[in-house]
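Colleague: After the structure tokens below, expect a handful of questions from me.
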Amino acid sequence: MQIERTRWANRWMSGLVVAAATAAVVACATSPTGRNQLRLISDAQLTEMGVQAFTEMKQELPVTQSAATRRYVECVTNNILPFIPGRTDWEVQTFESDQVNAFALPGGKIGVYTGLLKVAKTQDQLAAVIGHEIAHVIAGHSGARVSNQIATQLGVSVLSAATGVGGDLIGAGANMLLVLPNSRRDESESDILGMRYMAEAGFNPAAAVQLWQNMAAAAGGRSPAEFTSTHPSHDTRIRDLNAELANSMPLYERARRAGRTPNCRR
Ligand SMILES: [Zn+2]
């Protein structure tokens, strides 16, 4: 999902000018499904950007006053985290906002808007969203997105020499993490990975299909504001998720047999 805040779209440009004076470490990374990604920034810098972006979010939006809602979102998240590769110390916050939105950031930060809970109506549907958002981070989409934007804005050649970036890039990147849309391929990859994570945690992966049916219904035939034109259509997404169920249902059934039966209630 994507946060639309246009005033930030301009703010990072000033940071990029500073970034132009420095040089970026150029590297390529490979996503879990084998795609090559441009990497102009290190994991440490990406973490810093994510943490800064999350701090800005907390300054802008109130965390919900409902302890029950916070506990519910934490419960779903905590059930998924053991099945996420890498770090285990993710922080999740539930923000009070009518927007149907959620996000995850490098540095292990997750945000869920209370508006999402009107569309992600069950623990399994919420798990589908959280798994999807975390997958964007695990698959390196955030880093690739910021790197591609830097390359585009600066005309940085992949072959250019590089020695590190200044602090202003962190602020610019933090804003980019929050405003740049994911590509369709990123969305599809996160749908698949997110479905695996939730299934391994014992959440029913069929709920991912229901979630997008709810999204389509909530959108009333339009793409909701949160979703840019780069997102797959609801129909395509639902079809692809249905196909992926063949791979995720066995993971889910195995998880249930192993006693992984999450029970998160609002
Ligand atoms: Zn997404």
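Lettering and numbering for the structure tokens are positional, with chains as A, B, ... in the shown order, residues counted from 1 in each chain, and ligands counted from 1 in the shown order.
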What residues have any atom no more than 9 Å from ligand 1 when counting only C-alpha atoms and all ligand atoms, and can you list them as a PyMOL selection string?

Modeller: chain A and resi 1-2+103+129+132-133+135-136+181-184+186-191+227+231

Colleague: So that I can see what lies close to Ala120 (chain A), please list as an MDAnalysis selection string the residues with an atom at most 9 Å from it, counting only C-alpha atoms and leaving out residues fewer than 4 positions away in the same chain.

Modeller: chainID A and resid 100 116 124:129 210:212 214:215

Colleague: Give one line per residue of region 21-115 of chain A that approaches region 141-150 of chain A to at most 8 Å, naming the two atoms of the closest pair and their distance in Å to one decimal, counting only C-alpha atoms; sort by chain then ascending residue number and deliver it as a Markdown table.

Modeller:
| residue | atom | partner | partner_atom | distance |
| --- | --- | --- | --- | --- |
| A:Gln37 | CA | A:Ala144 | CA | 5.7 |
| A:Leu38 | CA | A:Ala144 | CA | 5.5 |
| A:Arg39 | CA | A:Ser147 | CA | 5.5 |
| A:Leu40 | CA | A:Ser147 | CA | 5.0 |
| A:Ile41 | CA | A:Ser147 | CA | 6.7 |
| A:Asp43 | CA | A:Gly143 | CA | 7.9 |
| A:Leu46 | CA | A:Gly143 | CA | 6.5 |
| A:Leu105 | CA | A:Ser142 | CA | 7.4 |
| A:Pro106 | CA | A:Ser142 | CA | 7.2 |

Colleague: Mind writing the picked residues with N, CA and C atoms as a PDB file, in the first residue's frame?

Modeller:
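Below is the file again.pdb, written as the result:
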ATOM      1  N   GLN A  37      18.183  -6.165  -8.663  1.00  0.00           N
ATOM      2  CA  GLN A  37      17.751  -4.847  -8.196  1.00  0.00           C
ATOM      3  C   GLN A  37      18.942  -3.905  -8.131  1.00  0.00           C
ATOM      4  N   LEU A  38      18.694  -2.661  -8.486  1.00  0.00           N
ATOM      5  CA  LEU A  38      19.722  -1.633  -8.351  1.00  0.00           C
ATOM      6  C   LEU A  38      19.828  -1.232  -6.884  1.00  0.00           C
ATOM      7  N   ARG A  39      21.042  -1.176  -6.370  1.00  0.00           N
ATOM      8  CA  ARG A  39      21.243  -0.772  -4.984  1.00  0.00           C
ATOM      9  C   ARG A  39      22.276   0.339  -4.917  1.00  0.00           C
ATOM     10  N   LEU A  40      21.821   1.537  -4.599  1.00  0.00           N
ATOM     11  CA  LEU A  40      22.731   2.669  -4.477  1.00  0.00           C
ATOM     12  C   LEU A  40      23.017   3.007  -3.021  1.00  0.00           C
ATOM     13  N   ILE A  41      22.314   2.349  -2.118  1.00  0.00           N
ATOM     14  CA  ILE A  41      22.468   2.669  -0.700  1.00  0.00           C
ATOM     15  C   ILE A  41      22.654   1.378   0.088  1.00  0.00           C
ATOM     16  N   ASP A  43      22.453  -1.266   3.387  1.00  0.00           N
ATOM     17  CA  ASP A  43      21.384  -1.698   4.291  1.00  0.00           C
ATOM     18  C   ASP A  43      21.332  -0.807   5.533  1.00  0.00           C
ATOM     19  N   LEU A  46      19.610   2.326   4.592  1.00  0.00           N
ATOM     20  CA  LEU A  46      18.190   2.044   4.383  1.00  0.00           C
ATOM     21  C   LEU A  46      17.463   1.920   5.729  1.00  0.00           C
ATOM     22  N   LEU A 105       8.561  -0.720   6.838  1.00  0.00           N
ATOM     23  CA  LEU A 105       9.752   0.038   6.466  1.00  0.00           C
ATOM     24  C   LEU A 105      11.016  -0.732   6.851  1.00  0.00           C
ATOM     25  N   PRO A 106      12.087  -0.509   6.092  1.00  0.00           N
ATOM     26  CA  PRO A 106      13.376  -1.070   6.514  1.00  0.00           C
ATOM     27  C   PRO A 106      13.690  -0.568   7.919  1.00  0.00           C
TER      28      PRO A 106
END

Colleague: Extract, using only C-alpha atoms, all DNA, RNA and protein residues at most 7 Å from Val63 (chain A), discarding same-chain residues fewer than 4 positions from it, and format them as a list in words.

Modeller: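 Once the adjacent positions are removed, what remains is Gln93, Thr94, Phe95 and Glu96 of chain A.
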
Colleague: For Val73 (chain A), which of A:Ala104, A:Val92, A:Ala258, A:Leu61 is the closest residue, counting only C-alpha atoms?

Modeller: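 Ranked by minimum distance to Val73 (chain A), first place goes to A:Val92.
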
Colleague: Kindly indicate which residue among A:Val137, A:Ile80, A:Val119, A:Val179 lies nearest to Ala255 (chain A), using only C-alpha atoms for the distances.

Modeller: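 That would be A:Ile80, the residue with the smallest distance to Ala255 (chain A).
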
Colleague: Quick one: residues within 10 Å of Ile84 (chain A), only C-alpha atoms, excluding same-chain residues fewer than 4 positions away - as a PyMOL selection string?

Modeller: chain A and resi 80+88+131+134-135+138+193-194+196-198+200-201

Colleague: Please dump the current selection as a CSV table (one decimal), in the first residue's frame; keep N, CA and C atoms.

Modeller:
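Generated file (again.csv):
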chain,number,residue,atom,x,y,z
A,80,ILE,N,3.1,-13.7,13.1
A,80,ILE,CA,3.8,-13.8,11.8
A,80,ILE,C,5.3,-13.7,11.9
A,88,THR,N,14.0,-10.1,14.1
A,88,THR,CA,12.8,-10.5,14.8
A,88,THR,C,12.2,-9.4,15.6
A,131,GLY,N,1.7,-9.5,6.2
A,131,GLY,CA,2.6,-10.3,5.5
A,131,GLY,C,3.1,-9.7,4.2
A,134,ILE,N,5.4,-6.6,5.0
A,134,ILE,CA,6.8,-7.0,5.4
A,134,ILE,C,7.5,-7.6,4.2
A,135,ALA,N,6.8,-8.3,3.4
A,135,ALA,CA,7.5,-8.9,2.2
A,135,ALA,C,8.2,-7.8,1.3
A,138,ILE,N,11.5,-7.3,3.0
A,138,ILE,CA,12.4,-8.5,2.9
A,138,ILE,C,12.9,-8.7,1.5
A,193,LEU,N,5.0,-13.8,-1.5
A,193,LEU,CA,5.8,-14.0,-0.2
A,193,LEU,C,4.9,-13.8,1.0
A,194,GLY,N,4.1,-12.8,1.0
A,194,GLY,CA,3.2,-12.5,2.1
A,194,GLY,C,2.3,-13.6,2.4
A,196,ARG,N,2.9,-16.8,1.8
A,196,ARG,CA,3.7,-17.8,2.4
A,196,ARG,C,3.9,-17.6,3.9
A,197,TYR,N,4.2,-16.3,4.2
A,197,TYR,CA,4.5,-16.0,5.6
A,197,TYR,C,3.2,-16.3,6.5
A,198,MET,N,2.1,-15.8,6.0
A,198,MET,CA,0.9,-15.9,6.8
A,198,MET,C,0.5,-17.4,7.0
A,200,GLU,N,2.5,-20.0,6.9
A,200,GLU,CA,3.4,-20.7,7.8
A,200,GLU,C,3.1,-20.3,9.3
A,201,ALA,N,2.5,-19.2,9.5
A,201,ALA,CA,2.1,-18.7,10.8
A,201,ALA,C,0.8,-19.4,11.3

Colleague: Enumerate, as an mmCIF file with C-alpha atoms, in the first residue's frame, the complete set of residues in region 78-202 of chain A that a backbone-based DSSP assignment places in strand (DSSP E or B).

Modeller:
data_model
loop_
_atom_site.group_PDB
_atom_site.id
_atom_site.type_symbol
_atom_site.label_atom_id
_atom_site.label_comp_id
_atom_site.auth_asym_id
_atom_site.auth_seq_id
_atom_site.Cartn_x
_atom_site.Cartn_y
_atom_site.Cartn_z
ATOM 1 C CA GLU A 91 7.935 -2.628 15.914
ATOM 2 C CA VAL A 92 4.275 -2.273 15.000
ATOM 3 C CA GLN A 93 2.113 0.789 15.638
ATOM 4 C CA THR A 94 -1.584 1.249 14.937
ATOM 5 C CA PHE A 95 -2.328 4.760 13.755
ATOM 6 C CA ALA A 102 -0.625 -0.108 6.088
ATOM 7 C CA PHE A 103 3.102 -0.074 5.473
ATOM 8 C CA ALA A 104 6.378 -1.655 6.522
ATOM 9 C CA LEU A 105 9.752 0.038 6.466
ATOM 10 C CA LYS A 109 8.889 -0.801 11.394
ATOM 11 C CA ILE A 110 5.256 -1.597 10.626
ATOM 12 C CA GLY A 111 2.318 0.812 10.568
ATOM 13 C CA VAL A 112 -1.341 -0.155 10.384
ATOM 14 C CA TYR A 113 -4.096 2.457 10.021
#
